[in-house]
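Asker: Sharing a structure with you now.
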Protein chains: 2
Amino acid sequence: MGDPAGIGGEVILKSLPELSRKTIPVVIGDSHVMGIVAKQLFGSNAPFFNNFKDGGTEGVEFIDLGLIEEVQFGRSDPKYGEASYKYIIEALKLLFAGEVSAIVTCPINKKSINSAGIEFIGHTELLAHYSGVKDYVMMMANRSMRVSLVTIHIPIKEVPHALSVEKITKTILITHNSLKTYFGLERPHIKVCGLNPHAGEGGIMGDEETMIQEAIGVAQSLNVNVEGPFPADTLFHRVDCDAYIAMYHDQGLIPVKTVDFYRTVNITLGLPFVRTSPGHGTGYDIAGKGIADPSSLLEAYRIAENMIFINQLI
Amino acid sequence: MGDPAGIGGEVILKSLPELSRKTIPVVIGDSHVMGIVAKQLFGSNAPFFNNFKDGGTEGVEFIDLGLIEEVQFGRSDPKYGEASYKYIIEALKLLFAGEVSAIVTCPINKKSINSAGIEFIGHTELLAHYSGVKDYVMMMANRSMRVSLVTIHIPIKEVPHALSVEKITKTILITHNSLKTYFGLERPHIKVCGLNPHAGEGGIMGDEETMIQEAIGVAQSLNVNVEGPFPADTLFHRVDCDAYIAMYHDQGLIPVKTVDFYRTVNITLGLPFVRTSPGHGTGYDIAGKGIADPSSLLEAYRIAENMIFINQLI
């Protein structure tokens with residue numbers, strides 16, 4: 001459900017009627033919050049919600065952790081942080097017990113979680129930690145393009161130092177393997193961005209492209225269909241490959257979010273299970289108003305479903 | 001005409017029949033190159049070209065500098081560099097003599113110009129130099145959005161050091177003034193990007209946003225309708241302002257080129273005249289093949305025309 005004071009509950013309730021029914025969604029959250037949102041959105045005839053109280057029916061299951069007795073939408077609070085953390089832990093337990101096949105996380109508020117005394121960088125880092133995984137990749141995807149990031153949440157000035165042949169190579173390989181295993185692409189085609197304007201233009205505007213070229217060479221020697229480094233500004237309009245590799249946050253997220261913001265999904269590659277998430281945040285400015293757009297959660301669920309099915313076929 | 005070995009001649013000939021006729025295009029180039037391209041594109045009945053030899057008719061004027069006797073498309077050569085440099089100088093002469101109202105430049109090859117012994121960073125820098133202008137701004141625009149850049153052709157690792165309150169403020173003010181004077185917007189609305197992921201998220205991922213905030217404050221105190229800094233990844237899909245200010249090359253060029261690559265135009269703001277250019281390069285890989293897309297030149301000419309007319313009205 002994500003942060004109780006965010007739009008998580010709302011986009012879940014709006015999404016449920018639209019799901020494919022090929023899988024059973026298990027909602028982990030708080031019935032108090034869901035009740036308020038359900039009443040607001042659907043009045044007394046809120047679908048699903050009446051059943052939630054009894055654990056869910058109609059192909060939807062609900063796990064009520066009963067942690068929240070009162071909610072003020074759009075406000076950060078340690079209680080909300082603790083609750084959203086426990087929802088994730090519960091999801092992980094079910095996953096490791098083999099009860100569920102994938103995790104779709106709704107947005108959480110970093111401040112609320114930290115104020116609850118929980119050390120927490122992000123969903124991705126936490127899931128990797130509990131899975132014992134060191135090398136993972138954040139991919140943002142929609143129906144137009146997929147982009148994997150080599151570096152994520154660091155200042156621009158640290159990006160050049162954070163890049164290495166090893167890190168770039170791993171990002172390429174994890175992306176390649178995931179596209180094969182979870183997206184059913186036999187020989188995925190990957191294009192890699194340069195770091196600098198015009199990909200350095202032969203060293204005139206930066207030289208990190210030499211390192212990127214080396215990483216591409218390593219991946220190619222492992223039979224990966226990967227090319228680059230290309231100037232990033234003229235690359236994305238083509239949409240002529242299966243995934244792009246971007247060197248830093250905005251280089252990858254600007255194109256994918258600009259072309260189709262509301263259906264952009266965050267996918268963690270390299271974990272021992274499928275994990276997706278909507279591309280947006282908690283939406284504190286619109287939480288509790290009934291105007292949140294569920295498209296990204298729907299797309300996150302749809303992609304997780306597809307990844308599971310394709311993985312079972314392979 | 002730009003570089004003789006590039007797609008300049010071809011996109012000019014393809015564009016001429018499509019122009020609005022509200023202004024008279026003056027082509028500065030070489031008839032030898034134009035002749036080859038004309039014959040290839042249109043056969044013996046090439047429109048305009050026969051008249052070019054006599055200085056042009058049918059609402060098109062042609063100035064043949066007669067510098068090129070032989071051309072090999074897609075090849076860099078000092079002769080081509082010298083010629084393309086002289087085309088620009090000729091255009092500047094006509095402009096300062098009041099014979100023409102604006103300059104639309106076709107792409108040039110930096111290597112060819114440098115190999116001709118001419119010190120040359122780019123069109124923009126050269127035009128600014130001869131105009132005695134120190135503060136100018138590169139804007140990329142199409143029908144979806146306009147983006148002004150604070151820094152342009154420098155390595156990513158130099159960007160944080162190259163930013164200053166003064167430089168950001170000047171970029172905002174020049175953009176503001178140009179939108180009023182050349183785009184007819186009475187109170188243009190400008191949005192400014194942060195430098196770091198999530199615009200630094202309150203200092204967690206970089207602190208240059210403090211400087212950006214200060215520049216915005218200065219501009220606001222001068223009654224400019226400007227806001228920010230905003231996270232760049234969630235900004236451009238809205239297209240809800242008259243111009244964006246980006247901190248570096250790819251941050252601004254990725255969104256504008258991704259949404260409408262073939263109609264993206266480069267506009268130099270802050271010069272004492274109108275100057276536009278197609279958003280693409282010399283196209284050496286496709287030069288001489290007859291497959292170049294003239295959309296960006298057409299759009300560059302259309303925008304230059306509009307800027308002149310609006311400026312005359314004000």
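Identifiers for the structure tokens are assigned positionally: chains receive A, B, ... in sequence, residues are indexed from 1 per chain, and ligands are indexed from 1 in the order shown.
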Using only C-alpha atoms, which chain B residues lie at most 6 Å away from chain A, written as a JSON list (two decimals) with C-alpha atoms, in the first residue's frame?
Answerer:
[["chain", "number", "residue", "atom", "x", "y", "z"],
["B", 154, "ILE", "CA", 31.57, 21.26, -21.67],
["B", 155, "PRO", "CA", 32.20, 17.90, -19.97],
["B", 156, "ILE", "CA", 29.67, 16.85, -17.32],
["B", 196, "ASN", "CA", 20.82, 17.10, -9.35],
["B", 205, "MET", "CA", 21.70, 14.73, -3.40],
["B", 206, "GLY", "CA", 23.70, 17.88, -4.08],
["B", 233, "ASP", "CA", 12.75, 14.21, -14.87],
["B", 236, "PHE", "CA", 9.07, 18.26, -19.31],
["B", 237, "HIS", "CA", 6.06, 16.01, -19.86],
["B", 250, "ASP", "CA", 21.79, 16.81, -22.29],
["B", 253, "LEU", "CA", 18.39, 18.62, -25.36],
["B", 254, "ILE", "CA", 17.20, 15.13, -24.42],
["B", 255, "PRO", "CA", 13.57, 16.17, -23.79],
["B", 258, "THR", "CA", 13.01, 13.16, -27.88]]
Asker: What's the 12 Å shell around segment 282-288 of chain A, counting only C-alpha atoms, without same-chain residues fewer than 3 positions away, as a VMD selection string?
Answerer: chain A and resid 1 to 11 33 to 41 71 to 76 80 to 81 84 105 to 112 277 to 279 291 to 294
Asker: Quick check, in Å to one decimal: how far apart do atom CA of Gly228 of chain B and atom CA of Gly194 of chain B lie?
Answerer: 7.4 Å
Asker: What lies within 8 Å of segment 16-24 of chain A using only C-alpha atoms, ignoring chain neighbours under 6 positions off, as number ranges by chain?
Answerer: A: 59-61, 298, 302, 305
Asker: Take the residues that were just selected and, keeping N, CA and C atoms, output them as a compact mmCIF listing (two decimals), in the first residue's frame.
Answerer:
# COMPACT_ATOMS: atom_id res chain seq x y z
N GLY A 59 -11.44 -12.55 -5.98
CA GLY A 59 -10.12 -12.56 -6.61
C GLY A 59 -9.16 -11.54 -6.07
N VAL A 60 -9.51 -10.90 -4.95
CA VAL A 60 -8.58 -9.95 -4.33
C VAL A 60 -8.37 -10.36 -2.88
N GLU A 61 -7.13 -10.43 -2.46
CA GLU A 61 -6.89 -10.74 -1.05
C GLU A 61 -6.37 -9.51 -0.33
N LEU A 298 -1.25 0.43 -12.41
CA LEU A 298 -1.82 -0.59 -13.30
C LEU A 298 -0.74 -1.15 -14.22
N ARG A 302 0.77 -4.86 -14.39
CA ARG A 302 0.72 -5.57 -15.67
C ARG A 302 2.11 -6.09 -16.06
N GLU A 305 3.16 -8.98 -13.82
CA GLU A 305 2.42 -10.18 -14.27
C GLU A 305 3.11 -10.81 -15.48
Asker: For atom CA of Met247 of chain B and atom CA of Gly122 of chain B, quote the distance in Å rounded to one decimal.
Answerer: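 Atom CA of Gly122 of chain B lies at a distance of 19.4 Å from atom CA of Met247 of chain B.
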Asker: At what distance in Å, to one decimal, does atom CA of Ala300 of chain A lie from atom CA of Lys79 of chain A?
Answerer: 26.5 Å
Asker: I need the residue nearest Glu69 of chain B from this list: B:Arg187, B:Arg263, B:His32, B:Arg143. Use only C-alpha atoms for the distance.
Answerer: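 The shortest atom-to-atom distance to Glu69 of chain B comes from B:His32.
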Asker: With a distance cut-off of 6 Å and only C-alpha atoms, select the neighbouring residues of segment 268-276 of chain A, excluding the residue or stretch itself and same-chain residues fewer than 3 positions from it, and output the selection as a CSV table (one decimal) with C-alpha atoms, in the first residue's frame.
Answerer:
chain,number,residue,atom,x,y,z
A,102,ALA,CA,6.1,-10.8,-7.2
A,103,ILE,CA,6.1,-7.5,-5.3
A,104,VAL,CA,4.6,-4.3,-6.6
A,136,TYR,CA,21.1,-4.8,-9.0
A,137,VAL,CA,19.8,-2.3,-11.6
A,138,MET,CA,17.0,0.3,-11.6
A,300,ALA,CA,3.5,-1.7,-12.8
